[in-house]
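Peer 1: The structure's right below; bear with me while I get my questions together.
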Amino acid sequence: MRAVLLNTGTELLAGDVHDTHLAFIAREIFSLGLRIDERRTVGDGAAIGESLKELFPRAEIIFVTGGLGPTSDDITRDVAAELLGLELREDANLLASLKERLRARGIKWVSSIARQAQVPHGAQILPNENGSASGLYFKANTNPKIPSPHIFLLPGPPRELQPMFRDSAMSILRSIVKGPPSVGRRFYKIAVMGESVIEEKIGKKVLASPGIELGYCARPGEVDVRIIGERAALDQADKIVREELGDVIFTANDKTLEEVLVKSLREKKQTLATAESCTGGLLANRITNVSGASSVLLAGYVCYANEAKIDILGVDLKLIEKHGAVSEEVARAMAEGARKRARSTYALATTGIAGPSGGSDEKPVGTVYVALTNETETKVRKLFFPSDRETFKQLAAQVAFEMLRRELV
C-alpha cells in the first residue's frame, strides 16, 4: 500500500521547528510491512488542500501532521472536511472533555478552543491524552461520492502525536493491512567506528545475499546499520553482520548507548561517577535522561576551572602546572578523584580543548583525554576531534561511554 506523509506548518518551512515525524512514523509502520513512499512539507494555508487533492489518487494511506489546534492557522480539520464533502459537527463529549481539561489545569477557557470539538461527520476521533487536539481518522471513501484514501489527521507536537499513533492509529492500520509483512528489518548500532570501516567489514558480504537492502546512518560517534529483506535472506545477512562486527554492536534495537550502560550497570549492581571539564555535564545529563539512572549514577562533577579540579576532585596543582589541565595525567587524576569521592565502582573523566580558541602546537583545538577508572586500574585515551564545540562534546561523550561499555562487556 502506498503511504504518504504530509507535514503541515509554516514553522517547519521557516526552520523554527525540526521535523521528527517521518523517522517515528516510518519506524512504527514498518512492522506492518508499510513504508513511507513520499514525504511532503507545506505551510499553513491553501497548500494543505492543494496537496491533499493531488495526493488522493496516488496514495492509499495519508498521514497529515499539524494544524489541529485552536488558532486561526489551524485549518487541517476544516480543509479535510471540505475536500471530503463532510459536515463539521460539534461533539458534545469532546467539548466537555476540553472544558474539564482546562479547568483541571487552571487555564482560562476562550471561545476559539471550542473549534477542537468540531468533528467531520463520519470521522473517527483519536483520543489525545497529552494535549487538547484530538486526532481524526477517515476510512477510505468516507464519502462514497468522493474517492479518497485512508486519512489520519495527527497533532503536530511529537509528545502528543507519538502516543496517539501507538495507541490508536496502529490498531486501525493493523485492520487495514492484511497478513504478515513479506519483508523484515534488522537494526544495529555501533559507537566510535566510522561508517567506511563498517562498510569495509560487512558491505560486500551482506550485499551478496540476494534481495538484501543495506543502509547506514552516521551521527557524531555513532553509526546505525540497517538491513531489509525477505526473512531467509535477512537471517543470512544478520549472521554476517554479527560475525564481522561482534561486540562493537552495542544494541540491535532503538536503545541509546546510555540506556545500554544504565541497564548493564543496574544488572551488575555497579555504580558510576563522572568528572567533566570539556563536556560540561553532558555525560551526567545523558545518563540521567534514562529511567533508573538514580540507582547507577552516584555523582556528577563539572570541574571546568582548574581550581574546581583541585578543590572538588583533589587533583594536585603540581600535576596541572607540569602537564597542563588537558593531559593524560590530569584526566587520570580527575577520574580517580571522582571515584574516590563518590565511592563508585567506576568513574569517567573528560578534559580537552573544544575551541575555537585555546589550542597550541602541542595541544591543538580538538584534543581531548578521556579516562575510565575502577578499583584496580585506570585507562586513558587521547583523541583528536577538530570540529565545532557541540560535536566535539558529543564525540568525547561517545568515547567515554563506549570505553565503559567495553569494560562492562
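Residue numbering restarts at 1 in every chain; chains get A, B, ... in the order shown in the C-alpha cells, and ligands count up from 1 in that same order.
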Within 8 Å of stretch 67-89 of chain A, which residues of stretch 109-223 of chain A show up? Give each one with its shortest atom-to-atom distance in Å (one decimal) and the two atoms involved, counting only C-alpha atoms, rows by chain then rising residue number, as a tab-separated table.
Peer 2:
residue	atom	partner	partner_atom	distance
A:Ser112	CA	A:Pro70	CA	5.6
A:Ile113	CA	A:Pro70	CA	4.9
A:Ala114	CA	A:Pro70	CA	7.4
A:Arg115	CA	A:Pro70	CA	5.9
A:Gln116	CA	A:Pro70	CA	6.1
A:Gln118	CA	A:Arg89	CA	5.3
A:Val119	CA	A:Leu88	CA	5.3
A:Pro120	CA	A:Leu88	CA	4.3
A:His121	CA	A:Glu87	CA	5.5
A:Gly122	CA	A:Leu86	CA	7.6
A:Ser132	CA	A:Gly69	CA	7.6
A:Ala133	CA	A:Gly69	CA	5.6
A:Ser134	CA	A:Leu68	CA	7.5
A:Gly135	CA	A:Leu68	CA	7.7
A:Thr142	CA	A:Leu84	CA	7.6
A:Asn143	CA	A:Leu84	CA	6.3
A:Ile146	CA	A:Leu84	CA	6.3
A:Ser148	CA	A:Leu84	CA	7.7
A:Leu153	CA	A:Arg77	CA	7.6
A:Leu154	CA	A:Leu68	CA	7.5
A:Pro155	CA	A:Leu68	CA	5.9
A:Gly156	CA	A:Gly67	CA	7.0
Peer 1: Could you give me, as an mmCIF file with N, CA and C atoms, in the first residue's frame, each residue of stretch 147-206 of chain A that DSSP assigns to helix (DSSP H, G or I) when run on this structure's backbone?
Peer 2:
data_model
loop_
_atom_site.group_PDB
_atom_site.id
_atom_site.type_symbol
_atom_site.label_atom_id
_atom_site.label_comp_id
_atom_site.auth_asym_id
_atom_site.auth_seq_id
_atom_site.Cartn_x
_atom_site.Cartn_y
_atom_site.Cartn_z
ATOM 1 N N PRO A 158 5.349 16.251 18.891
ATOM 2 C CA PRO A 158 5.702 14.821 18.980
ATOM 3 C C PRO A 158 5.202 14.151 20.255
ATOM 4 N N ARG A 159 5.211 14.875 21.380
ATOM 5 C CA ARG A 159 4.784 14.264 22.647
ATOM 6 C C ARG A 159 3.294 13.926 22.634
ATOM 7 N N GLU A 160 2.538 14.531 21.711
ATOM 8 C CA GLU A 160 1.127 14.208 21.550
ATOM 9 C C GLU A 160 0.928 13.190 20.437
ATOM 10 N N LEU A 161 1.627 13.390 19.328
ATOM 11 C CA LEU A 161 1.456 12.507 18.173
ATOM 12 C C LEU A 161 1.887 11.073 18.461
ATOM 13 N N GLN A 162 3.044 10.920 19.081
ATOM 14 C CA GLN A 162 3.611 9.577 19.214
ATOM 15 C C GLN A 162 2.749 8.620 20.043
ATOM 16 N N PRO A 163 2.310 9.002 21.256
ATOM 17 C CA PRO A 163 1.432 8.071 21.988
ATOM 18 C C PRO A 163 0.094 7.848 21.282
ATOM 19 N N MET A 164 -0.451 8.887 20.624
ATOM 20 C CA MET A 164 -1.693 8.720 19.879
ATOM 21 C C MET A 164 -1.508 7.732 18.734
ATOM 22 N N PHE A 165 -0.390 7.810 18.076
ATOM 23 C CA PHE A 165 -0.131 6.920 16.951
ATOM 24 C C PHE A 165 -0.039 5.468 17.424
ATOM 25 N N ARG A 166 0.711 5.272 18.514
ATOM 26 C CA ARG A 166 0.878 3.904 19.032
ATOM 27 C C ARG A 166 -0.430 3.351 19.584
ATOM 28 N N ASP A 167 -1.181 4.186 20.303
ATOM 29 C CA ASP A 167 -2.374 3.705 20.998
ATOM 30 C C ASP A 167 -3.595 3.578 20.089
ATOM 31 N N SER A 168 -3.696 4.429 19.070
ATOM 32 C CA SER A 168 -4.916 4.455 18.254
ATOM 33 C C SER A 168 -4.672 4.140 16.783
ATOM 34 N N ALA A 169 -3.744 4.870 16.163
ATOM 35 C CA ALA A 169 -3.554 4.715 14.719
ATOM 36 C C ALA A 169 -3.058 3.323 14.352
ATOM 37 N N MET A 170 -2.165 2.761 15.165
ATOM 38 C CA MET A 170 -1.593 1.449 14.817
ATOM 39 C C MET A 170 -2.646 0.350 14.794
ATOM 40 N N SER A 171 -3.599 0.401 15.708
ATOM 41 C CA SER A 171 -4.637 -0.639 15.713
ATOM 42 C C SER A 171 -5.519 -0.532 14.469
ATOM 43 N N ILE A 172 -5.773 0.693 14.016
ATOM 44 C CA ILE A 172 -6.547 0.884 12.779
ATOM 45 C C ILE A 172 -5.751 0.378 11.585
ATOM 46 N N LEU A 173 -4.464 0.692 11.566
ATOM 47 C CA LEU A 173 -3.620 0.251 10.453
ATOM 48 C C LEU A 173 -3.552 -1.269 10.373
ATOM 49 N N ARG A 174 -3.526 -1.926 11.522
ATOM 50 C CA ARG A 174 -3.483 -3.394 11.506
ATOM 51 C C ARG A 174 -4.736 -3.976 10.862
ATOM 52 N N SER A 175 -5.847 -3.293 11.015
ATOM 53 C CA SER A 175 -7.082 -3.787 10.393
ATOM 54 C C SER A 175 -7.103 -3.502 8.889
ATOM 55 N N ILE A 176 -6.324 -2.500 8.475
ATOM 56 C CA ILE A 176 -6.262 -2.154 7.052
ATOM 57 C C ILE A 176 -5.303 -3.075 6.310
ATOM 58 N N GLU A 195 31.715 4.880 9.472
ATOM 59 C CA GLU A 195 30.869 4.070 8.593
ATOM 60 C C GLU A 195 31.663 3.441 7.464
ATOM 61 N N SER A 196 32.760 4.067 7.024
ATOM 62 C CA SER A 196 33.575 3.475 5.959
ATOM 63 C C SER A 196 34.262 2.200 6.442
ATOM 64 N N VAL A 197 34.668 2.196 7.718
ATOM 65 C CA VAL A 197 35.281 0.989 8.296
ATOM 66 C C VAL A 197 34.241 -0.125 8.403
ATOM 67 N N ILE A 198 33.043 0.239 8.835
ATOM 68 C CA ILE A 198 31.960 -0.746 8.936
ATOM 69 C C ILE A 198 31.614 -1.295 7.556
ATOM 70 N N GLU A 199 31.534 -0.389 6.583
ATOM 71 C CA GLU A 199 31.235 -0.804 5.210
ATOM 72 C C GLU A 199 32.269 -1.801 4.691
ATOM 73 N N GLU A 200 33.532 -1.543 5.005
ATOM 74 C CA GLU A 200 34.599 -2.436 4.554
ATOM 75 C C GLU A 200 34.461 -3.824 5.172
ATOM 76 N N LYS A 201 33.990 -3.868 6.422
ATOM 77 C CA LYS A 201 33.873 -5.144 7.117
ATOM 78 C C LYS A 201 32.686 -5.978 6.619
ATOM 79 N N ILE A 202 31.561 -5.318 6.339
ATOM 80 C CA ILE A 202 30.343 -6.092 6.072
ATOM 81 C C ILE A 202 29.716 -5.860 4.698
ATOM 82 N N GLY A 203 30.058 -4.748 4.041
ATOM 83 C CA GLY A 203 29.324 -4.331 2.845
ATOM 84 C C GLY A 203 29.164 -5.396 1.775
ATOM 85 N N LYS A 204 30.271 -5.852 1.211
ATOM 86 C CA LYS A 204 30.210 -6.808 0.102
ATOM 87 C C LYS A 204 29.592 -8.136 0.525
ATOM 88 N N LYS A 205 29.919 -8.578 1.729
ATOM 89 C CA LYS A 205 29.409 -9.870 2.197
ATOM 90 C C LYS A 205 27.889 -9.830 2.387
ATOM 91 N N VAL A 206 27.387 -8.732 2.973
ATOM 92 C CA VAL A 206 25.949 -8.623 3.208
ATOM 93 C C VAL A 206 25.203 -8.502 1.884
#
Peer 1: Counting only C-alpha atoms, which residue out of A:Leu408, A:Thr367, A:Ala237, A:Gly184 sits closest to A:Glu267?
Peer 2: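 Using only C-alpha atoms, the shortest distance to A:Glu267 belongs to A:Leu408.
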Peer 1: Hey, what does DSSP flag as strand (DSSP E) within stretch 299-403 of chain A? Can you give it to me as a PDB file with N, CA, C and O atoms, in the first residue's frame?
Peer 2:
ATOM      1  N   ALA A 299      27.238  10.471  41.442  1.00  0.00           N
ATOM      2  CA  ALA A 299      27.589  11.892  41.437  1.00  0.00           C
ATOM      3  C   ALA A 299      28.134  12.284  40.074  1.00  0.00           C
ATOM      4  O   ALA A 299      28.728  11.472  39.375  1.00  0.00           O
ATOM      5  N   GLY A 300      27.909  13.546  39.739  1.00  0.00           N
ATOM      6  CA  GLY A 300      28.481  14.106  38.525  1.00  0.00           C
ATOM      7  C   GLY A 300      29.146  15.428  38.865  1.00  0.00           C
ATOM      8  O   GLY A 300      28.488  16.352  39.358  1.00  0.00           O
ATOM      9  N   TYR A 301      30.452  15.525  38.635  1.00  0.00           N
ATOM     10  CA  TYR A 301      31.202  16.725  38.980  1.00  0.00           C
ATOM     11  C   TYR A 301      31.594  17.464  37.694  1.00  0.00           C
ATOM     12  O   TYR A 301      32.272  16.899  36.832  1.00  0.00           O
ATOM     13  N   VAL A 302      31.142  18.710  37.564  1.00  0.00           N
ATOM     14  CA  VAL A 302      31.552  19.549  36.441  1.00  0.00           C
ATOM     15  C   VAL A 302      32.628  20.490  36.970  1.00  0.00           C
ATOM     16  O   VAL A 302      32.331  21.439  37.691  1.00  0.00           O
ATOM     17  N   TYR A 346      32.853   2.714  39.167  1.00  0.00           N
ATOM     18  CA  TYR A 346      33.589   3.290  38.036  1.00  0.00           C
ATOM     19  C   TYR A 346      33.496   4.812  38.088  1.00  0.00           C
ATOM     20  O   TYR A 346      32.575   5.371  38.679  1.00  0.00           O
ATOM     21  N   ALA A 347      34.432   5.443  37.384  1.00  0.00           N
ATOM     22  CA  ALA A 347      34.340   6.889  37.159  1.00  0.00           C
ATOM     23  C   ALA A 347      34.875   7.196  35.769  1.00  0.00           C
ATOM     24  O   ALA A 347      35.841   6.577  35.312  1.00  0.00           O
ATOM     25  N   LEU A 348      34.220   8.140  35.108  1.00  0.00           N
ATOM     26  CA  LEU A 348      34.648   8.618  33.800  1.00  0.00           C
ATOM     27  C   LEU A 348      35.067  10.077  33.926  1.00  0.00           C
ATOM     28  O   LEU A 348      34.432  10.841  34.668  1.00  0.00           O
ATOM     29  N   ALA A 349      36.114  10.472  33.201  1.00  0.00           N
ATOM     30  CA  ALA A 349      36.554  11.861  33.229  1.00  0.00           C
ATOM     31  C   ALA A 349      36.882  12.342  31.825  1.00  0.00           C
ATOM     32  O   ALA A 349      37.343  11.556  30.983  1.00  0.00           O
ATOM     33  N   THR A 350      36.630  13.622  31.573  1.00  0.00           N
ATOM     34  CA  THR A 350      36.952  14.226  30.287  1.00  0.00           C
ATOM     35  C   THR A 350      37.639  15.565  30.512  1.00  0.00           C
ATOM     36  O   THR A 350      37.225  16.343  31.361  1.00  0.00           O
ATOM     37  N   THR A 351      38.689  15.821  29.740  1.00  0.00           N
ATOM     38  CA  THR A 351      39.341  17.123  29.746  1.00  0.00           C
ATOM     39  C   THR A 351      39.906  17.368  28.356  1.00  0.00           C
ATOM     40  O   THR A 351      40.575  16.504  27.791  1.00  0.00           O
ATOM     41  N   GLY A 352      39.588  18.534  27.779  1.00  0.00           N
ATOM     42  CA  GLY A 352      40.012  18.777  26.412  1.00  0.00           C
ATOM     43  C   GLY A 352      39.872  20.227  26.008  1.00  0.00           C
ATOM     44  O   GLY A 352      39.515  21.092  26.816  1.00  0.00           O
ATOM     45  N   THR A 367      41.789  18.445  20.833  1.00  0.00           N
ATOM     46  CA  THR A 367      42.453  17.447  21.669  1.00  0.00           C
ATOM     47  C   THR A 367      41.593  17.145  22.896  1.00  0.00           C
ATOM     48  O   THR A 367      41.077  18.048  23.545  1.00  0.00           O
ATOM     49  N   VAL A 368      41.455  15.877  23.233  1.00  0.00           N
ATOM     50  CA  VAL A 368      40.683  15.503  24.417  1.00  0.00           C
ATOM     51  C   VAL A 368      41.263  14.229  25.018  1.00  0.00           C
ATOM     52  O   VAL A 368      41.747  13.343  24.301  1.00  0.00           O
ATOM     53  N   TYR A 369      41.251  14.167  26.327  1.00  0.00           N
ATOM     54  CA  TYR A 369      41.641  12.969  27.066  1.00  0.00           C
ATOM     55  C   TYR A 369      40.407  12.446  27.796  1.00  0.00           C
ATOM     56  O   TYR A 369      39.688  13.204  28.442  1.00  0.00           O
ATOM     57  N   VAL A 370      40.172  11.160  27.666  1.00  0.00           N
ATOM     58  CA  VAL A 370      39.048  10.511  28.340  1.00  0.00           C
ATOM     59  C   VAL A 370      39.610   9.405  29.230  1.00  0.00           C
ATOM     60  O   VAL A 370      40.396   8.567  28.760  1.00  0.00           O
ATOM     61  N   ALA A 371      39.213   9.416  30.489  1.00  0.00           N
ATOM     62  CA  ALA A 371      39.727   8.426  31.444  1.00  0.00           C
ATOM     63  C   ALA A 371      38.590   7.606  32.038  1.00  0.00           C
ATOM     64  O   ALA A 371      37.494   8.118  32.284  1.00  0.00           O
ATOM     65  N   LEU A 372      38.883   6.336  32.254  1.00  0.00           N
ATOM     66  CA  LEU A 372      37.962   5.411  32.928  1.00  0.00           C
ATOM     67  C   LEU A 372      38.730   4.707  34.026  1.00  0.00           C
ATOM     68  O   LEU A 372      39.811   4.152  33.784  1.00  0.00           O
ATOM     69  N   THR A 373      38.181   4.724  35.228  1.00  0.00           N
ATOM     70  CA  THR A 373      38.863   4.071  36.342  1.00  0.00           C
ATOM     71  C   THR A 373      37.914   3.174  37.113  1.00  0.00           C
ATOM     72  O   THR A 373      36.694   3.398  37.151  1.00  0.00           O
ATOM     73  N   THR A 378      43.295   2.314  35.867  1.00  0.00           N
ATOM     74  CA  THR A 378      42.784   3.490  35.174  1.00  0.00           C
ATOM     75  C   THR A 378      43.277   3.471  33.738  1.00  0.00           C
ATOM     76  O   THR A 378      44.474   3.274  33.502  1.00  0.00           O
ATOM     77  N   LYS A 379      42.350   3.651  32.804  1.00  0.00           N
ATOM     78  CA  LYS A 379      42.701   3.699  31.391  1.00  0.00           C
ATOM     79  C   LYS A 379      42.443   5.108  30.870  1.00  0.00           C
ATOM     80  O   LYS A 379      41.426   5.719  31.208  1.00  0.00           O
ATOM     81  N   VAL A 380      43.343   5.606  30.037  1.00  0.00           N
ATOM     82  CA  VAL A 380      43.191   6.939  29.464  1.00  0.00           C
ATOM     83  C   VAL A 380      43.396   6.866  27.958  1.00  0.00           C
ATOM     84  O   VAL A 380      44.330   6.212  27.487  1.00  0.00           O
ATOM     85  N   ARG A 381      42.507   7.530  27.229  1.00  0.00           N
ATOM     86  CA  ARG A 381      42.653   7.617  25.782  1.00  0.00           C
ATOM     87  C   ARG A 381      42.813   9.073  25.373  1.00  0.00           C
ATOM     88  O   ARG A 381      42.102   9.945  25.864  1.00  0.00           O
ATOM     89  N   LYS A 382      43.764   9.304  24.464  1.00  0.00           N
ATOM     90  CA  LYS A 382      43.929  10.631  23.874  1.00  0.00           C
ATOM     91  C   LYS A 382      43.315  10.606  22.483  1.00  0.00           C
ATOM     92  O   LYS A 382      43.600   9.721  21.680  1.00  0.00           O
ATOM     93  N   LEU A 383      42.449  11.594  22.189  1.00  0.00           N
ATOM     94  CA  LEU A 383      41.783  11.635  20.893  1.00  0.00           C
ATOM     95  C   LEU A 383      41.837  13.041  20.321  1.00  0.00           C
ATOM     96  O   LEU A 383      42.145  14.002  21.022  1.00  0.00           O
ATOM     97  N   PHE A 384      41.500  13.130  19.049  1.00  0.00           N
ATOM     98  CA  PHE A 384      41.554  14.415  18.357  1.00  0.00           C
ATOM     99  C   PHE A 384      40.289  14.585  17.536  1.00  0.00           C
ATOM    100  O   PHE A 384      40.055  13.852  16.585  1.00  0.00           O
TER     101      PHE A 384
END
Peer 1: Neighbours of A:Ala96 within 12 Å (only C-alpha atoms; same-chain residues fewer than 2 positions away dropped), as a VMD selection string?
Peer 2: chain A and resid 90 to 94 98 to 103 109 113 to 114 116 to 117 132
Peer 1: What does the distance from atom CA of A:Val262 to atom CA of A:Ile190 come to in Å, to one decimal?
Peer 2: 17.1 Å
Peer 1: For A:Lys269, find every residue with an atom within 12 Å (counting only C-alpha atoms), except residues of its own chain fewer than 4 positions away, and show them as a ChimeraX atom specification.
Peer 2: /A:261-265,292-293,295-297,344-346,408
Peer 1: Please provide as a list of chain:residue names all residues within 7 Å of stretch 391-402 of chain A, with the sequence filter that same-chain residues fewer than 6 positions apart are discarded (counting only C-alpha atoms).
Peer 2: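 Final neighbour list, sorted by chain and number: A:Ala191, A:Val192, A:Pro220, A:Gly221, A:Thr279, A:Leu283, A:Leu348, A:Ala354, A:Gly366, A:Val370, A:Phe385.
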Peer 1: For A:Cys217, find every residue with an atom within 9 Å (counting only C-alpha atoms), except residues of its own chain fewer than 4 positions away, and show them as a list in words.
Peer 2: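 Everything that qualifies: Glu195, Glu222, Val223, Asp224, Val225 and Arg226 of chain A.
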Peer 1: Kindly save the residues from that selection, with N, CA, C and O atoms included, as a compact mmCIF listing (two decimals), in the first residue's frame.
Peer 2:
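Wrote part20.txt, looks like this:
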# COMPACT_ATOMS: atom_id res chain seq x y z
N GLU A 195 31.71 4.88 9.47
CA GLU A 195 30.87 4.07 8.59
C GLU A 195 31.66 3.44 7.46
O GLU A 195 31.31 2.36 6.97
N GLU A 222 28.64 7.67 16.24
CA GLU A 222 27.72 6.55 16.19
C GLU A 222 27.25 6.29 14.76
O GLU A 222 27.06 7.22 13.98
N VAL A 223 27.09 5.03 14.42
CA VAL A 223 26.58 4.64 13.10
C VAL A 223 25.47 3.62 13.28
O VAL A 223 25.62 2.66 14.05
N ASP A 224 24.36 3.83 12.58
CA ASP A 224 23.29 2.84 12.53
C ASP A 224 23.44 2.04 11.25
O ASP A 224 23.68 2.60 10.17
N VAL A 225 23.31 0.75 11.37
CA VAL A 225 23.33 -0.14 10.20
C VAL A 225 21.95 -0.77 10.07
O VAL A 225 21.39 -1.25 11.06
N ARG A 226 21.41 -0.75 8.86
CA ARG A 226 20.05 -1.25 8.63
C ARG A 226 20.08 -2.25 7.47
O ARG A 226 20.65 -1.98 6.42
Peer 1: Excluding stretch 17-22 of chain A and its own-chain neighbours fewer than 2 positions away, which residues fall within 12 Å of it when counting only C-alpha atoms? Please give them as a PyMOL selection string.
Peer 2: chain A and resi 3-15+24-30+35-41+63-66+154-162+165
Peer 1: Take atom CA of A:Lys53 and atom CA of A:Pro127 and report the distance between them in Å, one decimal.
Peer 2: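 The value is 26.2 Å.
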Peer 1: Mind pulling up the distance from atom CA of A:Glu407 to atom CA of A:Glu329?
Peer 2: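 For atom CA of A:Glu329 relative to atom CA of A:Glu407, the distance reads 20.7 Å.
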